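Text of final-v8.txt (compact mmCIF, C-alpha atoms) as supplied:
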# COMPACT_ATOMS: atom_id res chain seq x y z
CA MET A 1 0.00 0.00 0.00
CA PRO A 2 1.26 3.61 -0.60
CA HIS A 3 2.91 5.65 2.13
CA ARG A 4 3.15 9.41 2.42
CA ILE A 5 6.68 10.89 2.74
CA HIS A 6 6.86 14.68 3.33
CA GLY A 7 3.62 15.23 1.49
CA GLN A 8 4.64 12.95 -1.39
CA ILE A 9 3.22 9.52 -2.07
CA TYR A 10 5.58 6.59 -2.15
CA ARG A 11 4.38 3.40 -3.75
CA PRO A 12 6.64 0.47 -2.83
CA THR A 13 7.75 -1.77 -5.66
CA ASN A 14 8.79 -5.41 -5.55
CA SER A 15 12.44 -4.42 -5.45
CA SER A 16 11.85 -2.29 -2.34
CA ARG A 17 10.24 -5.24 -0.55
CA GLN A 18 12.92 -7.70 -1.48
CA ASN A 19 16.16 -5.73 -1.31
CA ARG A 20 15.98 -3.88 2.00
CA ILE A 21 17.40 -5.96 4.83
CA GLY A 22 17.44 -5.05 8.55
CA CYS A 23 20.51 -5.02 10.86
CA ARG A 24 19.83 -8.60 11.94
CA GLY A 25 19.45 -9.92 8.40
CA ARG A 26 15.61 -9.82 8.29
CA ARG A 27 13.85 -8.31 5.29
CA ALA A 28 12.21 -5.01 6.11
CA THR A 29 8.44 -4.61 5.68
CA ASP A 30 6.98 -1.98 3.38
CA GLN A 31 6.10 0.18 6.38
CA GLN A 32 9.64 -0.11 7.81
CA PHE A 33 11.08 0.64 4.39
CA ALA A 34 8.99 3.77 4.05
CA GLN A 35 9.96 4.92 7.54
CA ARG A 36 13.66 4.40 6.83
CA TRP A 37 13.44 6.45 3.66
CA ASP A 38 11.49 9.23 5.34
CA GLY A 39 12.98 12.61 4.42
CA MET A 40 14.80 11.37 1.31
CA GLN A 41 14.28 12.94 -2.14
CA VAL A 42 11.93 11.13 -4.49
CA ASP A 43 11.50 11.02 -8.25
CA ARG A 44 8.61 12.80 -9.88
CA ASP A 45 6.72 9.56 -10.36
CA TRP A 46 7.06 9.06 -6.57
CA LYS A 47 7.94 5.38 -6.89
CA LEU A 48 11.64 5.10 -6.14
CA PRO A 49 14.11 7.43 -4.42
CA LYS A 50 16.89 8.84 -6.53
CA ARG A 51 19.89 6.60 -7.05
CA ARG A 52 22.20 8.91 -5.07
CA SER A 53 19.74 9.06 -2.18
CA ARG A 54 19.41 5.27 -2.16
CA LEU A 55 23.19 4.85 -1.96
CA SER A 56 23.45 7.50 0.77
CA HIS A 57 20.73 5.83 2.79
CA PHE A 58 22.30 2.40 2.35
CA ILE A 59 25.64 3.67 3.71
CA ARG A 60 23.96 5.38 6.64
CA SER A 61 21.90 2.30 7.45
CA ARG A 62 25.02 0.09 7.39
CA LEU A 63 26.81 2.54 9.68
CA LEU A 64 23.83 2.47 12.03
CA CYS A 65 23.95 -1.33 12.12
CA LEU A 66 27.69 -1.23 12.78
CA ASN A 67 27.16 1.27 15.60
CA GLN A 68 24.54 -1.00 17.16
CA SER A 69 26.88 -4.01 16.93
CA ILE A 70 29.71 -2.09 18.59
CA THR A 71 27.38 -0.91 21.35
CA HIS A 72 26.25 -4.48 22.04
CA LEU A 73 29.87 -5.68 22.08
CA LEU A 74 30.91 -2.97 24.55
CA LEU A 75 28.00 -3.85 26.83
CA ALA A 76 28.99 -7.52 26.74
CA VAL A 77 32.62 -6.68 27.55
CA ALA A 78 31.54 -4.46 30.45
CA LEU A 79 29.38 -7.26 31.84
CA MET A 80 32.21 -9.80 31.58
CA ALA A 81 34.62 -7.39 33.26
CA ALA A 82 32.20 -6.91 36.14
CA LEU A 83 32.05 -10.67 36.62
CA ILE A 84 35.77 -11.48 36.45
CA LEU A 85 37.49 -8.47 37.99
CA PRO A 86 39.18 -9.20 41.35
CA PRO A 87 37.54 -8.08 44.59
CA THR A 88 37.86 -4.43 45.50
CA ARG A 89 39.97 -3.38 48.44
CA THR A 90 36.82 -2.66 50.49
CA VAL A 91 35.65 -6.27 50.13
CA ALA A 92 39.12 -7.58 51.00
CA ASP A 93 39.27 -5.35 54.08
CA ALA A 94 35.99 -6.74 55.39
CA ARG A 95 37.25 -10.31 55.11
CA PHE A 96 40.60 -9.52 56.74
CA SER A 97 38.71 -8.35 59.80
CA LEU A 98 38.13 -12.04 60.62
CA LEU A 99 41.77 -12.13 61.73
CA SER A 100 40.76 -10.30 64.88
CA GLU A 101 38.63 -13.24 65.99
CA PRO A 102 40.19 -15.79 68.41
CA GLY A 103 41.56 -18.93 66.80
CA ILE A 104 41.87 -17.44 63.27
CA VAL A 105 45.31 -17.60 61.62
CA ALA A 106 46.30 -16.29 58.17
CA ILE A 107 48.57 -18.34 55.94
CA MET A 108 49.61 -17.07 52.52
CA ARG A 109 51.64 -18.17 49.55
CA HIS A 110 54.49 -15.80 48.78
CA ALA A 111 53.67 -12.99 46.34
CA HIS A 112 54.15 -13.37 42.60
CA ALA A 113 57.60 -14.69 41.66
CA PRO A 114 58.06 -15.49 37.95
CA GLY A 115 58.87 -19.12 37.15
CA THR A 116 58.46 -22.45 38.94
CA GLY A 117 60.58 -24.04 41.64
CA ASP A 118 64.20 -22.97 41.97
CA PRO A 119 67.31 -23.19 39.76
CA ALA A 120 69.54 -26.26 40.07
CA SER A 121 72.18 -24.02 41.69
CA PHE A 122 69.77 -23.12 44.55
CA ARG A 123 71.35 -22.16 47.88
CA LEU A 124 69.34 -21.11 50.91
CA ASP A 125 71.91 -18.46 51.88
CA ASP A 126 72.11 -16.91 48.40
CA CYS A 127 69.07 -15.08 47.08
CA ALA A 128 70.70 -14.70 43.66
CA SER A 129 70.52 -18.49 43.25
CA GLN A 130 66.76 -18.59 43.95
CA ARG A 131 63.53 -17.63 42.23
CA ASN A 132 62.64 -14.20 43.56
CA LEU A 133 59.79 -11.70 43.58
CA GLY A 134 59.36 -9.51 40.52
CA ALA A 135 58.01 -5.94 40.48
CA ARG A 136 54.47 -7.31 40.34
CA GLY A 137 55.06 -9.52 43.38
CA ALA A 138 56.61 -6.71 45.40
CA GLU A 139 53.62 -4.45 44.72
CA GLN A 140 51.22 -7.29 45.50
CA ALA A 141 52.84 -7.80 48.93
CA ARG A 142 52.61 -4.08 49.70
CA GLN A 143 48.92 -3.98 48.78
CA ILE A 144 48.11 -7.04 50.90
CA GLY A 145 49.77 -5.43 53.92
CA ALA A 146 47.92 -2.17 53.25
CA ALA A 147 44.57 -4.02 53.04
CA ILE A 148 45.19 -5.74 56.38
CA ARG A 149 46.06 -2.44 58.06
CA ALA A 150 42.99 -0.81 56.46
CA ALA A 151 40.87 -3.53 58.11
CA ASP A 152 42.16 -2.22 61.47
CA VAL A 153 43.83 -5.57 62.25
CA THR A 154 46.94 -5.66 64.43
CA VAL A 155 49.14 -8.64 63.59
CA ASP A 156 51.10 -9.91 66.60
CA ARG A 157 53.52 -12.17 64.72
CA VAL A 158 54.64 -12.58 61.11
CA LEU A 159 56.42 -15.87 60.44
CA THR A 160 58.01 -16.93 57.18
CA SER A 161 59.81 -19.61 55.27
CA GLN A 162 63.55 -19.03 54.97
CA TRP A 163 63.29 -18.79 51.17
CA CYS A 164 64.07 -15.27 49.94
CA ARG A 165 60.79 -14.78 48.08
CA CYS A 166 58.90 -15.56 51.28
CA ARG A 167 61.10 -13.40 53.51
CA ASP A 168 60.81 -10.50 51.06
CA THR A 169 57.03 -10.91 50.93
CA ALA A 170 56.82 -10.89 54.74
CA LYS A 171 58.94 -7.75 55.00
CA LEU A 172 57.02 -5.89 52.28
CA LEU A 173 53.75 -6.57 54.10
CA ASP A 174 55.09 -4.11 56.69
CA LEU A 175 53.03 -5.58 59.52
CA GLY A 176 55.79 -5.90 62.10
CA PRO A 177 59.00 -7.84 62.83
CA VAL A 178 59.50 -10.99 60.75
CA GLU A 179 60.47 -14.36 62.25
CA GLU A 180 61.76 -17.38 60.34
CA LEU A 181 60.05 -20.73 60.90
CA PRO A 182 61.76 -23.75 59.23
CA ALA A 183 58.48 -25.70 59.25
CA LEU A 184 57.31 -23.24 56.54
CA ASN A 185 60.26 -24.03 54.23
CA SER A 186 59.45 -25.48 50.82
CA PHE A 187 59.73 -29.23 50.32
CA PHE A 188 59.05 -28.99 46.57
CA ARG A 189 62.45 -30.53 45.83
CA TYR A 190 62.30 -32.82 48.86
CA PRO A 191 58.83 -34.44 48.93
CA ASP A 192 59.97 -36.95 51.56
CA ARG A 193 60.01 -34.05 54.07
CA SER A 194 56.33 -33.27 53.56
CA GLY A 195 54.92 -35.45 56.35
CA ARG A 196 57.33 -34.33 59.05
CA GLN A 197 57.19 -30.62 58.21
CA THR A 198 53.39 -30.57 57.94
CA ALA A 199 53.10 -32.32 61.32
CA ASP A 200 55.49 -29.75 62.85
CA LEU A 201 53.48 -26.88 61.37
CA ARG A 202 50.19 -28.29 62.63
CA GLN A 203 51.60 -28.65 66.12
CA PHE A 204 52.88 -25.08 66.00
CA LEU A 205 49.39 -23.85 65.11
CA PHE A 206 47.71 -25.89 67.86
CA ASP A 207 50.13 -24.44 70.42
CA LEU A 208 49.36 -20.81 69.52
CA PRO A 209 47.39 -18.77 72.08
CA PRO A 210 43.87 -18.33 70.61
CA GLU A 211 43.97 -14.56 71.13
CA GLU A 212 47.25 -14.11 69.20
CA THR A 213 46.93 -12.81 65.61
CA VAL A 214 49.45 -14.59 63.39
CA LEU A 215 50.27 -14.47 59.69
CA LEU A 216 52.41 -17.16 58.00
CA VAL A 217 54.18 -16.82 54.64
CA THR A 218 55.04 -20.07 52.90
CA HIS A 219 54.85 -22.03 49.62
CA TYR A 220 52.27 -23.76 47.44
CA VAL A 221 53.25 -27.30 48.48
CA ASN A 222 53.11 -26.45 52.19
CA ILE A 223 49.64 -24.93 51.93
CA ARG A 224 48.44 -27.86 49.84
CA ALA A 225 49.65 -30.35 52.44
CA LEU A 226 48.26 -28.39 55.41
CA ALA A 227 44.93 -27.10 54.10
CA GLY A 228 44.18 -29.66 51.39
CA ARG A 229 43.77 -27.04 48.68
CA SER A 230 45.93 -24.95 46.37
CA ALA A 231 46.69 -21.24 46.60
CA ALA A 232 47.62 -18.69 43.96
CA SER A 233 50.65 -16.44 44.37
CA GLY A 234 49.86 -13.93 47.11
CA GLU A 235 46.60 -15.63 48.08
CA VAL A 236 45.75 -15.52 51.79
CA LEU A 237 43.80 -18.33 53.48
CA LEU A 238 42.13 -17.75 56.83
CA LEU A 239 42.37 -20.88 58.98
CA LYS A 240 40.21 -21.76 61.95
CA ILE A 241 42.26 -23.64 64.55
CA GLU A 242 39.81 -25.81 66.49
CA SER A 243 40.39 -27.01 70.03
CA GLY A 244 39.71 -30.55 68.82
CA GLU A 245 42.90 -30.35 66.74
CA THR A 246 41.24 -29.67 63.41
CA ILE A 247 42.17 -26.97 60.90
CA SER A 248 39.63 -25.64 58.42
CA VAL A 249 39.66 -22.90 55.79
CA VAL A 250 37.09 -20.20 56.61
CA GLY A 251 38.18 -17.51 54.15
CA GLU A 252 40.31 -16.88 51.09
CA ILE A 253 41.50 -13.52 49.81
CA LEU A 254 43.41 -12.76 46.63
CA ILE A 255 44.51 -9.21 45.87
CA TYR A 256 45.91 -8.52 42.42
CA PRO A 257 48.63 -5.87 42.24
CA ARG A 258 47.83 -2.59 40.50
CA LEU A 259 50.91 -1.66 38.49
Here is the file; what I need is its structure written in the form of structure tokens.
Amino acid sequence: MPHRIHGQIYRPTNSSRQNRIGCRGRRATDQQFAQRWDGMQVDRDWKLPKRRSRLSHFIRSRLLCLNQSITHLLLAVALMAALILPPTRTVADARFSLLSEPGIVAIMRHAHAPGTGDPASFRLDDCASQRNLGARGAEQARQIGAAIRAADVTVDRVLTSQWCRCRDTAKLLDLGPVEELPALNSFFRYPDRSGRQTADLRQFLFDLPPEETVLLVTHYVNIRALAGRSAASGEVLLLKIESGETISVVGEILIYPRL
């Protein structure tokens, strides 16, 4: 049926019905076609727009479709970012406040240190022979310490493995004096030490006064053996030390460094 465009009458032809396609690939109806061409110049017989106008409208319609596609893509990216971004510092602070409760101990894997294990030339008294923190790991340790302080938690003791990446992490937390605890040393290269060291660490935890706030810095294998789960670089697990000699994970906090 004919449509009026700026006082003119437009009578759609077969080509107008068949050749106009919407942004999603659907063929436009006559009414939609007339609306899209509203305001364009028409020939004197009022049947088809001028060739130049048709080309101009086609380009504009394609640009409109492209703009819609980009908008949808940006919305999808924003939604994905909201789902996968790490927790904000405010959320982390709230969880760190659990450390103030009796019987809660924090144990963390050292901050990010590029690589795996240690070089074959490893020596405990030579940091240059070990795998060490990078710039990202150093910043991660600082931010973890800042988040704990922001939660208004006072840490009574900071204990660490004797490995350099753990000692450096503990110092960069800036939560107080750092003590070395051999039971926290890595047994990655010496798996036969796992049972004895884990038993020593468990006994250490059971002997702690419930009111003392303690943070331990150690390695992946040690946390795996003690807590029964893995930990990412810089991840903090909150452990509940039960009087019945059981240890359970009641919280986990991972702060990504902002570089």
Atom CA of Gly137 of chain A to atom CA of Gly195 of chain A, distance in Å rounded to a single decimal |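 Calculated distance between atom CA of Gly137 of chain A and atom CA of Gly195 of chain A is 29.0 Å.
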For Gly103 of chain A, please output as a ChimeraX atom specification all residues within 12 Å (counting only C-alpha atoms; exclusion window: fewer than 4 positions along the same chain).
-> /A:98-99,205-214,238-250
Contacts of Glu235 of chain A at 10 Å or less, counting only C-alpha atoms, minus same-chain residues fewer than 6 places along, as a PyMOL selection string?
-> chain A and resi 107-112+140+144+220+252-256
Of the residues A:Leu184, A:Gln68, A:Arg131, A:Pro102, which is the one nearest to Thr116 of chain A, using only C-alpha atoms?
-> A:Arg131
Got a sec: who's within 9 Å of Gln197 of chain A, counting all atoms listed in the file, leaving out chain neighbours fewer than 2 positions off, as a list in words?
->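 Contacts, in chain order: Pro182, Ala183, Leu184, Asn185, Phe187, Arg193, Ser194, Gly195, Ala199, Asp200, Leu201, Arg202 and Asn222 of chain A.
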Compare A:His72, A:Arg136, A:His219, A:Arg189 by their minimum atom-to-atom distance to Phe122 of chain A, counting only C-alpha atoms, and give me the closest one.
->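 Of all the options, A:Arg189 lies closest to Phe122 of chain A.
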Against segment 157-179 of chain A, which residues of segment 102-152 of chain A fall within 7 Å? For each one I want the closest pair of atoms and the distance in Å (one decimal), counting all atoms listed in the file, rows by chain and increasing residue number, as a tab-separated table.
residue	atom	partner	partner_atom	distance
A:His110	CA	A:Cys166	CA	5.1
A:Ala111	CA	A:Thr169	CA	6.1
A:Leu124	CA	A:Trp163	CA	6.5
A:Cys127	CA	A:Cys164	CA	5.8
A:Asn132	CA	A:Arg165	CA	4.9
A:Leu133	CA	A:Arg165	CA	5.5
A:Ala138	CA	A:Leu172	CA	6.9
A:Ala141	CA	A:Leu173	CA	5.4
A:Arg142	CA	A:Leu173	CA	5.2
A:Ile144	CA	A:Leu173	CA	6.5
A:Gly145	CA	A:Leu173	CA	4.1
Can you work out the spacing between atom CA of Asp126 of chain A and atom CA of Gln143 of chain A in Å, to one decimal?
->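 Here the two named atoms are 26.6 Å from each other.
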Work out how far atom CA of Ala147 of chain A is from atom CA of Leu237 of chain A, in Å to one decimal.
->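 Straight-line distance from atom CA of Leu237 of chain A to atom CA of Ala147 of chain A works out to 14.3 Å.
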If you count all atoms listed in the file, the residue of A:Val155, A:Leu226, A:Pro257, A:Ala232 closest to Gln203 of chain A turns out to be A:Leu226
Neighbours of Asp152 of chain A within 10 Å (only C-alpha atoms; same-chain residues fewer than 4 positions away dropped), as a list in words?
-> Asp93, Ala94, Phe96, Ser97, Leu99, Ser100, Ala147 and Ile148 of chain A
Pick from A:Arg149, A:Ala106, A:Glu139, A:Gly134: nearest to Ile223 of chain A, with only C-alpha atoms counted?
-> A:Ala106
Atoms kept (N, CA, C and O atoms) for segment 112-124 of chain A, as an mmCIF file, in the first residue's frame:
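Output (decode23.cif):
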data_model
loop_
_atom_site.group_PDB
_atom_site.id
_atom_site.type_symbol
_atom_site.label_atom_id
_atom_site.label_comp_id
_atom_site.auth_asym_id
_atom_site.auth_seq_id
_atom_site.Cartn_x
_atom_site.Cartn_y
_atom_site.Cartn_z
ATOM 1 N N HIS A 112 53.791 -12.900 43.944
ATOM 2 C CA HIS A 112 54.149 -13.367 42.605
ATOM 3 C C HIS A 112 55.656 -13.360 42.367
ATOM 4 O O HIS A 112 56.324 -12.341 42.519
ATOM 5 N N ALA A 113 56.178 -14.537 41.997
ATOM 6 C CA ALA A 113 57.597 -14.693 41.660
ATOM 7 C C ALA A 113 57.654 -15.462 40.345
ATOM 8 O O ALA A 113 57.268 -16.639 40.305
ATOM 9 N N PRO A 114 58.081 -14.841 39.264
ATOM 10 C CA PRO A 114 58.057 -15.495 37.946
ATOM 11 C C PRO A 114 58.802 -16.827 37.947
ATOM 12 O O PRO A 114 59.874 -16.956 38.535
ATOM 13 N N GLY A 115 58.215 -17.815 37.266
ATOM 14 C CA GLY A 115 58.865 -19.118 37.150
ATOM 15 C C GLY A 115 58.246 -20.168 38.047
ATOM 16 O O GLY A 115 57.213 -19.963 38.671
ATOM 17 N N THR A 116 58.923 -21.322 38.115
ATOM 18 C CA THR A 116 58.463 -22.447 38.939
ATOM 19 C C THR A 116 59.662 -23.063 39.642
ATOM 20 O O THR A 116 60.726 -23.234 39.037
ATOM 21 N N GLY A 117 59.479 -23.417 40.910
ATOM 22 C CA GLY A 117 60.578 -24.045 41.641
ATOM 23 C C GLY A 117 61.770 -23.126 41.795
ATOM 24 O O GLY A 117 61.635 -21.894 41.838
ATOM 25 N N ASP A 118 62.962 -23.729 41.836
ATOM 26 C CA ASP A 118 64.205 -22.967 41.970
ATOM 27 C C ASP A 118 65.257 -23.520 41.015
ATOM 28 O O ASP A 118 65.192 -24.690 40.618
ATOM 29 N N PRO A 119 66.236 -22.704 40.635
ATOM 30 C CA PRO A 119 67.305 -23.188 39.756
ATOM 31 C C PRO A 119 68.077 -24.344 40.401
ATOM 32 O O PRO A 119 68.058 -24.517 41.624
ATOM 33 N N ALA A 120 68.757 -25.125 39.562
ATOM 34 C CA ALA A 120 69.539 -26.262 40.068
ATOM 35 C C ALA A 120 70.636 -25.797 41.014
ATOM 36 O O ALA A 120 71.075 -26.555 41.897
ATOM 37 N N SER A 121 71.097 -24.553 40.853
ATOM 38 C CA SER A 121 72.176 -24.016 41.692
ATOM 39 C C SER A 121 71.658 -23.425 43.000
ATOM 40 O O SER A 121 72.395 -22.724 43.697
ATOM 41 N N PHE A 122 70.404 -23.705 43.371
ATOM 42 C CA PHE A 122 69.772 -23.122 44.546
ATOM 43 C C PHE A 122 70.610 -23.267 45.811
ATOM 44 O O PHE A 122 71.136 -24.337 46.124
ATOM 45 N N ARG A 123 70.724 -22.157 46.549
ATOM 46 C CA ARG A 123 71.345 -22.162 47.881
ATOM 47 C C ARG A 123 70.499 -21.300 48.803
ATOM 48 O O ARG A 123 70.105 -20.191 48.438
ATOM 49 N N LEU A 124 70.217 -21.814 49.984
ATOM 50 C CA LEU A 124 69.340 -21.109 50.905
ATOM 51 C C LEU A 124 69.930 -19.777 51.355
ATOM 52 O O LEU A 124 69.190 -18.815 51.611
#
